[in-house]
Amino acid sequence: MSVFPSSKPAATTTAAPPPANGATAGPPAATTTATNGGATKSNLYNPTSRQPYRQPYNRRHHHRPRRNYCCCCCFWTILIILILALLVAIAGSILYVLYRPHRPSFTLASLRIHRLNLTTTADSASSHLSTLFNLTLSSKNPNSHLTFTYDPFTLSCVTSNNDVFIGNGTLPAFISNSKNETTFKGVVITTSSDLDADTVNNLRPDLKKKNGIPLKIEMDTKVTVKMDGLKSKKVGIRVTCDDIKGTVPKGKSPSVANVSGSKCKVDLRIKIWKWTF
C-alpha cells in the first residue's frame, strides 16, 4: 500500500525575538512563515497598549461662578429694597400716629357770571367766545402741626360734559398755617378766543340748557409741607371743583351760578418725564 505525502507545504513556527533593553517579555507571539517563501503574517497582541482615559469636558463648568454671582447680587438688591420699604412704612406709620395729617380743603363760596357770549358770523365761518367770571374761594388747613406753602395757582374753567375751555385765571401764592382759613374774593376768570366748528357744536347745546351750564373749575399748583423742623419737597396738586350750574346773564346784571352742590377735591399730581399722573 503506497502513502502519498500531502501537496500543501508545511508551515514552520518560530518564536518571537526577546525584547530589547531587558524589558519584560509578554506572552510569546506566534509567527507563521510559509515554506514557499511567501509573505510573513504576524498576529501580535499587547494587552498594555490601551488608549489613555480622558475625562469628558463640561462646558457649563465655567459659567457657574458668574451665574452664582448674578443670583447673589439680585438677592441682596431685592432684600435691601424690601428693608428700605419696610423702614419707610414704619416711619410713615409713626408720623401718622403722632401728627394725624389731613389734606387741605378748598371751597367755592360763590361764582358770578358777568359775561358769557358766543357769537357767530353770518356765514358761520368763525365763532368767538367772550367770558368774564368772578368767584370767591377759600382754603382751610385742618392740621395742628402742619403748614402748607402754596405756589401761585393756575385756574381754568371748562364744561363738565365735553371739557370745552371757558376761561382761565390766576391765584397768588400764600401760606396756610395750622388751623387757618384763607379766603380770596374777586378772583377773575376770563377769555376772548375764537372757536372751531367742533367746539361750537359741543358748547351750543350746553348754553341752551334750562337747568344751567355744567361747569368745572380746575386749579393747579405746587405745595410744600412743613412739619415742625421737617420740610418736604414741592409736590404738584390739582384742586377740582365740580357740579357747578351756571346761567347765561341777561342784560348788564350778572347771573349767580348754583354752587350749593359743588365739592372740591385735592389730588396729587406726580410728573414722570413727559407724563403727569
# chains A, B, ... in the order shown; residues from 1 in each chain; ligands from 1

call {"tool": "residues_around", "arguments": {"residues": "region 159-172 of chain A", "least_positions_apart": "6", "cutoff": "6 Å", "atoms": "only C-alpha atoms", "output": "list in words"}}
result
Pro152, Phe153, Val188, Ile189, Thr190, Thr191, Pro214, Leu215 and Lys216 of chain A

call {"tool": "write_last_selection", "arguments": {"atoms": "C-alpha atoms", "output": "PDB file, in the first residue's frame"}}
result
ATOM      1  CA  PRO A 152     -49.249 130.651  42.525  1.00  0.00           C
ATOM      2  CA  PHE A 153     -52.319 128.810  41.231  1.00  0.00           C
ATOM      3  CA  VAL A 188     -61.306 136.664  37.813  1.00  0.00           C
ATOM      4  CA  ILE A 189     -61.635 134.022  35.114  1.00  0.00           C
ATOM      5  CA  THR A 190     -61.921 135.341  31.579  1.00  0.00           C
ATOM      6  CA  THR A 191     -61.219 134.604  27.934  1.00  0.00           C
ATOM      7  CA  PRO A 214     -72.479 122.320  33.866  1.00  0.00           C
ATOM      8  CA  LEU A 215     -69.118 123.870  34.712  1.00  0.00           C
ATOM      9  CA  LYS A 216     -65.907 122.677  36.333  1.00  0.00           C
TER      10      LYS A 216
END

call {"tool": "select_by_dssp", "arguments": {"residues": "region 84-259 of chain A", "states": "helix (DSSP H, G or I)", "output": "list in words"}}
result
Leu84, Ala85, Leu86, Leu87, Val88, Ala89, Ile90, Ala91, Gly92, Ser93, Ile94, Leu95, Tyr96, Val97, Leu98, Tyr99, Ala197, Asp198, Thr199, Val200, Asn201, Asn202, Leu203, Arg204, Pro205, Asp206 and Leu207 of chain A

call {"tool": "write_last_selection", "arguments": {"atoms": "N, CA and C atoms", "output": "short mmCIF file (atom, residue, chain, number, x, y, z; two decimals), in the first residue's frame"}}
result
data_model
loop_
_atom_site.label_atom_id
_atom_site.label_comp_id
_atom_site.auth_asym_id
_atom_site.auth_seq_id
_atom_site.Cartn_x
_atom_site.Cartn_y
_atom_site.Cartn_z
N LEU A 84 -35.63 98.75 52.98
CA LEU A 84 -35.89 100.20 52.90
C LEU A 84 -37.39 100.49 52.87
N ALA A 85 -38.14 99.69 52.11
CA ALA A 85 -39.59 99.89 52.06
C ALA A 85 -40.22 99.67 53.43
N LEU A 86 -39.72 98.68 54.14
CA LEU A 86 -40.23 98.42 55.48
C LEU A 86 -39.93 99.58 56.42
N LEU A 87 -38.70 100.13 56.34
CA LEU A 87 -38.35 101.25 57.19
C LEU A 87 -39.19 102.49 56.88
N VAL A 88 -39.44 102.73 55.58
CA VAL A 88 -40.28 103.87 55.20
C VAL A 88 -41.70 103.69 55.71
N ALA A 89 -42.22 102.46 55.60
CA ALA A 89 -43.57 102.19 56.09
C ALA A 89 -43.66 102.40 57.60
N ILE A 90 -42.63 101.96 58.31
CA ILE A 90 -42.63 102.13 59.77
C ILE A 90 -42.57 103.62 60.13
N ALA A 91 -41.70 104.37 59.44
CA ALA A 91 -41.59 105.81 59.72
C ALA A 91 -42.89 106.53 59.40
N GLY A 92 -43.53 106.16 58.27
CA GLY A 92 -44.80 106.78 57.93
C GLY A 92 -45.89 106.47 58.94
N SER A 93 -45.90 105.25 59.43
CA SER A 93 -46.90 104.89 60.44
C SER A 93 -46.69 105.68 61.73
N ILE A 94 -45.43 105.87 62.12
CA ILE A 94 -45.15 106.64 63.34
C ILE A 94 -45.58 108.09 63.18
N LEU A 95 -45.27 108.68 62.00
CA LEU A 95 -45.68 110.08 61.77
C LEU A 95 -47.20 110.22 61.73
N TYR A 96 -47.87 109.24 61.14
CA TYR A 96 -49.33 109.32 61.08
C TYR A 96 -49.94 109.23 62.47
N VAL A 97 -49.39 108.37 63.30
CA VAL A 97 -49.94 108.24 64.66
C VAL A 97 -49.68 109.50 65.47
N LEU A 98 -48.52 110.13 65.29
CA LEU A 98 -48.17 111.31 66.09
C LEU A 98 -48.90 112.57 65.62
N TYR A 99 -49.00 112.78 64.28
CA TYR A 99 -49.49 114.05 63.77
C TYR A 99 -50.89 113.97 63.12
N ALA A 197 -65.39 124.76 14.60
CA ALA A 197 -66.76 124.27 14.41
C ALA A 197 -67.11 123.16 15.41
N ASP A 198 -66.17 122.25 15.67
CA ASP A 198 -66.46 121.15 16.60
C ASP A 198 -66.68 121.66 18.02
N THR A 199 -65.87 122.63 18.45
CA THR A 199 -66.04 123.18 19.79
C THR A 199 -67.37 123.91 19.93
N VAL A 200 -67.74 124.64 18.90
CA VAL A 200 -69.03 125.35 18.92
C VAL A 200 -70.18 124.35 19.00
N ASN A 201 -70.10 123.27 18.26
CA ASN A 201 -71.16 122.26 18.30
C ASN A 201 -71.28 121.59 19.66
N ASN A 202 -70.18 121.49 20.39
CA ASN A 202 -70.23 120.91 21.74
C ASN A 202 -70.70 121.91 22.79
N LEU A 203 -70.42 123.19 22.56
CA LEU A 203 -70.76 124.21 23.56
C LEU A 203 -72.20 124.72 23.41
N ARG A 204 -72.70 124.83 22.20
CA ARG A 204 -74.02 125.44 21.98
C ARG A 204 -75.15 124.69 22.70
N PRO A 205 -75.18 123.33 22.69
CA PRO A 205 -76.27 122.66 23.44
C PRO A 205 -76.23 122.94 24.94
N ASP A 206 -75.01 123.11 25.53
CA ASP A 206 -74.93 123.41 26.96
C ASP A 206 -75.48 124.79 27.27
N LEU A 207 -75.29 125.75 26.37
CA LEU A 207 -75.78 127.10 26.62
C LEU A 207 -77.30 127.17 26.58
#

call {"tool": "closest_residue", "arguments": {"among": "A:Phe133, A:Trp76, A:Phe148, A:Phe184", "to": "Ala257 (chain A)", "atoms": "only C-alpha atoms"}}
result
A:Phe133

call {"tool": "residues_around", "arguments": {"residues": "Asn211 (chain A)", "least_positions_apart": "3", "cutoff": "9 Å", "atoms": "only C-alpha atoms", "output": "list in words"}}
result
Pro214, Lys245, Gly246 and Thr247 of chain A

call {"tool": "closest_residue", "arguments": {"among": "A:Val248, A:Cys264, A:Phe106, A:Leu82", "to": "Lys208 (chain A)", "atoms": "only C-alpha atoms"}}
result
A:Val248

call {"tool": "select_by_dssp", "arguments": {"residues": "region 73-271 of chain A", "states": "strand (DSSP E or B)", "output": "number ranges by chain"}}
result
A: 105-120, 127-141, 146-150, 153-159, 165-171, 174-176, 180-195, 213-227, 230-231, 235-246, 255-256, 258, 263-269, 271

call {"tool": "atom_distance", "arguments": {"atom1": "CA of Ser110 (chain A)", "atom2": "CA of Ser130 (chain A)"}}
result
20.4 Å

call {"tool": "closest_residue", "arguments": {"among": "A:Gly261, A:Gly212, A:Pro104, A:Gly229", "to": "Thr182 (chain A)", "atoms": "only C-alpha atoms"}}
result
A:Pro104

call {"tool": "residues_around", "arguments": {"residues": "Asn117 (chain A)", "least_positions_apart": "3", "cutoff": "10 Å", "atoms": "only C-alpha atoms", "output": "PyMOL selection string"}}
result
chain A and resi 114+120+128-132+192+207+248-249

call {"tool": "atom_distance", "arguments": {"atom1": "CA of Val256 (chain A)", "atom2": "CA of Ile113 (chain A)"}}
result
6.3 Å
